[in-house]
file structure-v6.csv (CSV, C-alpha atoms and all ligand atoms)
chain,number,residue,atom,x,y,z
A,727,MET,CA,61.0,-34.2,-8.4
A,728,LYS,CA,58.4,-36.8,-9.5
A,729,THR,CA,56.1,-35.8,-6.6
A,730,THR,CA,56.3,-32.1,-7.6
A,731,ARG,CA,55.4,-32.9,-11.2
A,732,LEU,CA,52.5,-35.0,-10.1
A,733,PHE,CA,51.4,-32.2,-7.7
A,734,LYS,CA,51.6,-29.7,-10.6
A,735,ALA,CA,49.5,-32.0,-12.8
A,736,THR,CA,46.9,-32.5,-10.1
A,737,LEU,CA,46.8,-28.7,-9.5
A,738,PHE,CA,46.4,-28.1,-13.2
A,739,ALA,CA,43.5,-30.6,-13.4
A,740,GLY,CA,41.9,-29.0,-10.4
A,741,VAL,CA,42.1,-25.5,-11.9
A,742,ALA,CA,40.8,-26.8,-15.2
A,743,ALA,CA,37.9,-28.5,-13.5
A,744,LEU,CA,37.1,-25.4,-11.5
A,745,ALA,CA,37.3,-23.2,-14.6
A,746,GLY,CA,34.9,-25.7,-16.3
A,747,LEU,CA,32.6,-25.4,-13.3
A,748,PHE,CA,32.6,-21.7,-13.5
A,749,SER,CA,31.8,-21.5,-17.2
A,750,THR,CA,29.0,-24.0,-16.7
A,751,ALA,CA,27.6,-21.9,-13.8
A,752,SER,CA,27.7,-18.7,-15.8
A,753,PHE,CA,26.1,-20.5,-18.7
A,754,SER,CA,23.1,-21.7,-16.7
A,755,GLN,CA,22.8,-18.3,-15.1
A,756,ASP,CA,22.6,-16.8,-18.6
A,757,LYS,CA,19.9,-19.3,-19.5
A,758,GLU,CA,17.7,-18.4,-16.5
A,759,LYS,CA,18.1,-14.6,-16.8
A,760,PRO,CA,16.2,-13.0,-19.6
A,761,THR,CA,18.6,-11.8,-22.2
A,762,SER,CA,18.6,-8.0,-22.5
A,763,THR,CA,17.1,-7.9,-26.0
A,764,PRO,CA,15.9,-11.3,-27.2
A,765,THR,CA,15.5,-11.2,-30.9
A,766,GLU,CA,12.1,-11.5,-32.5
A,767,ALA,CA,13.4,-14.6,-34.4
A,768,LYS,CA,14.5,-16.3,-31.2
A,769,MET,CA,11.1,-15.6,-29.5
A,770,GLU,CA,9.3,-16.8,-32.6
A,771,ALA,CA,11.3,-20.0,-32.7
A,772,ALA,CA,10.5,-20.7,-29.0
A,773,LEU,CA,6.8,-19.9,-29.5
A,774,SER,CA,6.5,-22.0,-32.6
A,775,LYS,CA,7.1,-25.1,-30.4
A,776,LEU,CA,3.7,-24.6,-28.7
A,777,PRO,CA,0.6,-26.5,-30.0
A,778,LYS,CA,-1.5,-24.1,-32.2
A,779,ALA,CA,-4.2,-23.4,-29.7
A,780,ASP,CA,-1.7,-22.7,-26.9
A,781,ARG,CA,0.2,-20.4,-29.3
A,782,THR,CA,-2.9,-18.3,-29.8
A,783,LEU,CA,-3.3,-18.0,-26.0
A,784,ALA,CA,0.3,-17.2,-25.4
A,785,ASP,CA,0.2,-14.6,-28.2
A,786,ALA,CA,-2.8,-12.9,-26.6
A,787,GLN,CA,-0.9,-12.7,-23.3
A,788,ARG,CA,2.4,-11.8,-24.9
A,789,TYR,CA,4.0,-11.2,-21.5
A,790,CYS,CA,4.6,-13.3,-18.4
A,791,PRO,CA,2.2,-12.4,-15.6
A,792,ILE,CA,5.0,-12.7,-13.1
A,793,MET,CA,8.0,-11.2,-14.9
A,794,ASN,CA,5.7,-8.8,-16.7
A,795,SER,CA,8.3,-7.1,-18.7
A,796,THR,CA,9.5,-10.4,-20.2
A,797,ARG,CA,7.9,-11.4,-23.5
A,798,MET,CA,6.6,-14.9,-24.2
A,799,GLY,CA,9.4,-16.9,-25.9
A,800,ALA,CA,12.2,-14.7,-24.5
A,801,MET,CA,13.1,-17.5,-22.0
A,802,GLY,CA,12.5,-20.4,-24.3
A,803,THR,CA,9.1,-22.1,-25.0
A,804,PRO,CA,6.6,-20.7,-22.5
A,805,VAL,CA,5.5,-22.9,-19.6
A,806,LYS,CA,1.7,-23.6,-19.4
A,807,ILE,CA,-0.1,-24.0,-16.1
A,808,VAL,CA,-3.8,-24.1,-15.2
A,809,ILE,CA,-5.3,-22.0,-12.5
A,810,ASP,CA,-9.0,-22.4,-11.6
A,811,GLY,CA,-9.4,-24.2,-15.0
A,812,LYS,CA,-7.8,-21.4,-16.9
A,813,PRO,CA,-4.6,-21.8,-18.9
A,814,VAL,CA,-1.8,-19.4,-18.0
A,815,PHE,CA,1.5,-19.1,-19.8
A,816,LEU,CA,4.7,-18.2,-18.0
A,817,CYS,CA,8.0,-17.1,-19.4
A,818,CYS,CA,9.8,-19.9,-17.6
A,819,ALA,CA,9.4,-22.7,-15.0
A,820,GLY,CA,11.1,-20.4,-12.5
A,821,CYS,CA,7.9,-18.3,-12.4
A,822,LYS,CA,5.6,-21.2,-11.6
A,823,GLU,CA,5.8,-21.0,-7.8
A,824,SER,CA,5.0,-17.3,-7.7
A,825,ALA,CA,2.2,-17.8,-10.2
A,826,LEU,CA,0.6,-20.6,-8.1
A,827,ALA,CA,1.1,-18.8,-4.7
A,828,ASP,CA,-1.7,-16.3,-5.5
A,829,GLY,CA,-3.7,-17.8,-8.3
A,830,LYS,CA,-6.3,-15.0,-8.3
A,831,GLU,CA,-3.7,-12.3,-8.6
A,832,THR,CA,-2.0,-14.2,-11.4
A,833,LEU,CA,-5.3,-14.6,-13.3
A,834,ALA,CA,-6.0,-10.8,-12.8
A,835,ALA,CA,-2.5,-10.1,-14.2
A,836,VAL,CA,-3.1,-12.2,-17.2
A,837,GLU,CA,-6.3,-10.4,-18.0
A,838,LYS,CA,-4.5,-7.1,-17.7
A,839,LEU,CA,-1.8,-8.3,-20.0
A,840,LYS,CA,-4.3,-9.5,-22.6
A,841,LYS,CA,-6.1,-6.1,-22.5
A,842,ALA,CA,-2.8,-4.3,-22.9
A,843,THR,CA,-1.6,-6.6,-25.7
A,844,ALA,CA,-4.9,-6.0,-27.6
A,845,ALA,CA,-4.6,-2.2,-27.1
A,846,LEU,CA,-1.0,-2.1,-28.2
A,847,ALA,CA,-1.8,-4.2,-31.3
A,848,LYS,CA,-3.8,-1.2,-32.6
A,849,LEU,CA,-0.6,1.0,-32.8
A,850,PRO,CA,1.1,1.3,-36.2
A,851,ALA,CA,3.5,-1.6,-36.6
A,852,ALA,CA,6.5,0.6,-36.4
A,853,ASP,CA,5.4,2.1,-33.1
A,854,LEU,CA,4.8,-1.3,-31.4
A,855,PRO,CA,8.5,-2.0,-30.6
A,856,LEU,CA,9.0,1.6,-29.4
A,857,ALA,CA,6.0,1.4,-27.0
A,858,GLU,CA,7.1,-2.1,-25.8
A,859,ALA,CA,10.6,-0.8,-25.1
A,860,GLN,CA,8.9,1.7,-22.8
A,861,LEU,CA,6.1,-0.4,-21.4
A,862,LEU,CA,5.1,2.1,-18.8
A,863,CYS,CA,3.7,5.6,-18.8
A,864,PRO,CA,6.2,8.3,-17.8
A,865,ILE,CA,3.5,10.4,-16.2
A,866,GLN,CA,1.1,8.1,-14.4
A,867,GLU,CA,3.5,6.2,-12.2
A,868,GLY,CA,3.5,2.4,-12.9
A,869,SER,CA,0.7,2.6,-15.4
A,870,ARG,CA,1.2,0.0,-18.1
A,871,LEU,CA,0.8,1.2,-21.7
A,872,GLY,CA,-2.3,-0.3,-23.1
A,873,SER,CA,-4.1,-0.6,-19.7
A,874,MET,CA,-6.1,2.5,-20.6
A,875,GLY,CA,-6.7,1.8,-24.3
A,876,THR,CA,-4.3,2.4,-27.2
A,877,PRO,CA,-1.4,4.5,-25.9
A,878,VAL,CA,-1.1,8.1,-27.0
A,879,LYS,CA,2.1,9.0,-28.9
A,880,LEU,CA,3.8,12.3,-28.6
A,881,THR,CA,7.1,13.6,-30.0
A,882,LEU,CA,9.1,15.6,-27.5
A,883,ASP,CA,12.4,17.1,-28.7
A,884,GLY,CA,12.2,14.9,-31.7
A,885,LYS,CA,11.8,11.7,-29.6
A,886,PRO,CA,8.8,9.4,-29.5
A,887,VAL,CA,7.0,9.2,-26.1
A,888,PHE,CA,4.1,7.0,-25.3
A,889,LEU,CA,1.5,7.8,-22.7
A,890,CYS,CA,-1.1,5.6,-21.1
A,891,CYS,CA,-3.9,8.0,-21.9
A,892,LYS,CA,-4.8,11.4,-23.3
A,893,GLY,CA,-5.1,12.7,-19.7
A,894,CYS,CA,-1.3,12.5,-19.3
A,895,GLU,CA,-0.5,14.7,-22.3
A,896,ASP,CA,-0.5,18.1,-20.7
A,897,ALA,CA,1.8,17.0,-17.9
A,898,ALA,CA,4.1,15.3,-20.4
A,899,ARG,CA,4.4,18.5,-22.6
A,900,GLU,CA,4.7,20.8,-19.6
A,901,ASN,CA,8.2,19.5,-18.8
A,902,PRO,CA,9.6,17.6,-21.9
A,903,LYS,CA,13.1,17.2,-20.3
A,904,ALA,CA,11.7,15.5,-17.2
A,905,THR,CA,9.3,13.4,-19.3
A,906,LEU,CA,12.2,12.2,-21.5
A,907,ALA,CA,14.4,11.5,-18.5
A,908,LYS,CA,11.6,9.4,-17.0
A,909,VAL,CA,11.2,7.5,-20.3
A,910,GLU,CA,14.8,6.6,-20.3
A,911,GLU,CA,14.5,5.4,-16.7
A,912,ILE,CA,11.5,3.2,-17.3
A,913,LYS,CA,13.1,1.8,-20.5
A,914,LYS,CA,16.1,0.7,-18.5
A,915,GLU,CA,13.8,-0.9,-15.9
A,916,SER,CA,11.6,-2.6,-18.6
A,917,ALA,CA,14.7,-4.1,-20.3
A,918,LYS,CA,15.6,-6.0,-17.2
A,919,GLY,CA,12.7,-8.4,-17.7
A,920,GLY,CA,11.5,-8.3,-14.1
A,921,PRO,CA,8.2,-7.2,-12.7
A,922,VAL,CA,7.2,-3.6,-13.6
A,923,GLY,CA,4.3,-1.3,-12.9
A,924,ARG,CA,1.3,-1.9,-10.8
B,1,ZN,ZN,9.8,-16.7,-15.8
B,2,ZN,ZN,-2.4,8.4,-18.6

call {"tool": "encode", "arguments": {"input": "structure-v6.csv", "output": "structure tokens"}}
result
Amino acid sequence: MKTTRLFKATLFAGVAALAGLFSTASFSQDKEKPTSTPTEAKMEAALSKLPKADRTLADAQRYCPIMNSTRMGAMGTPVKIVIDGKPVFLCCAGCKESALADGKETLAAVEKLKKATAALAKLPAADLPLAEAQLLCPIQEGSRLGSMGTPVKLTLDGKPVFLCCKGCEDAARENPKATLAKVEEIKKESAKGGPVGR
């Protein structure tokens, strides 16, 4: 009888420890994965921990050059690295290895992001979150919004659609249903926080 009770107690402790292990594992996984929609306040709080000069640089980038659909601050305070004497900000330490593996490509990606960020900043404030939810042009496959100047906004079936350039307008209007379907597809992809586009 005594042995059984002891066994039961041990078993219970074991299960409890295992459950604890599982909850810890899922917690750290949540921390590493970008949350689906990090709030502006959360990103601001993370970015505010950077020194002022770094903050300006991280803001100019706005996105990680590796996980280029992940905003700066979405994964906590951005990680700063230096490539060829140039500061680069990453969404998290997990992106460091990839960023350093091909420094030239990373620097080129940073330049592209800065250009896109500056172009998107010219949109009306209310349009910025809409364009960023989309991130890519539904017509020119993989073309990041802002890479060809300030995106062009259309309304198709009452829904806002952003295009990388004026040259994509005819194709977008030609088949509104297909364009809107593509927009939904790229929005889902962009929300994952992984690498998108070219
Ligand atoms: Zn990262
Ligand atoms: Zn275009």

call {"tool": "residues_near_ligand", "arguments": {"input": "structure-v6.csv", "ligand": "ligand ZN 2 (chain B)", "cutoff": "12 Å", "atoms": "only C-alpha atoms and all ligand atoms", "output": "PyMOL selection string"}}
result
chain A and resi 862-879+888-898

call {"tool": "closest_residue", "arguments": {"input": "structure-v6.csv", "among": "A:Lys840, A:Arg797, A:Lys812, A:Lys885", "to": "ligand ZN 1 (chain B)", "atoms": "all atoms listed in the file"}}
result
A:Arg797

call {"tool": "residues_near_ligand", "arguments": {"input": "structure-v6.csv", "ligand": "ligand ZN 1 (chain B)", "cutoff": "10 Å", "atoms": "all atoms listed in the file", "output": "PyMOL selection string"}}
result
chain A and resi 758-760+789-794+796-798+800-802+804-805+815-825+919-920

call {"tool": "residues_around", "arguments": {"input": "structure-v6.csv", "residues": "Gly811 in chain A", "least_positions_apart": "3", "cutoff": "12 Å", "atoms": "only C-alpha atoms", "output": "mmCIF file with C-alpha atoms, keeping the file's coordinate frame"}}
result
data_model
loop_
_atom_site.group_PDB
_atom_site.id
_atom_site.type_symbol
_atom_site.label_atom_id
_atom_site.label_comp_id
_atom_site.auth_asym_id
_atom_site.auth_seq_id
_atom_site.Cartn_x
_atom_site.Cartn_y
_atom_site.Cartn_z
ATOM 1 C CA LYS A 806 1.700 -23.600 -19.400
ATOM 2 C CA ILE A 807 -0.100 -24.000 -16.100
ATOM 3 C CA VAL A 808 -3.800 -24.100 -15.200
ATOM 4 C CA VAL A 814 -1.800 -19.400 -18.000
ATOM 5 C CA GLY A 829 -3.700 -17.800 -8.300
ATOM 6 C CA LYS A 830 -6.300 -15.000 -8.300
ATOM 7 C CA LEU A 833 -5.300 -14.600 -13.300
#

call {"tool": "atom_distance", "arguments": {"input": "structure-v6.csv", "atom1": "CA of Ser916 in chain A", "atom2": "CA of Val836 in chain A"}}
result
17.6 Å

call {"tool": "atom_distance", "arguments": {"input": "structure-v6.csv", "atom1": "CA of Asp883 in chain A", "atom2": "CA of Arg899 in chain A"}}
result
10.2 Å

call {"tool": "atom_distance", "arguments": {"input": "structure-v6.csv", "atom1": "CA of Arg924 in chain A", "atom2": "CA of Ile809 in chain A"}}
result
21.2 Å

call {"tool": "closest_residue", "arguments": {"input": "structure-v6.csv", "among": "A:Thr803, A:Ala827, A:Glu766, A:Pro902", "to": "Asp780 in chain A", "atoms": "all atoms listed in the file"}}
result
A:Thr803
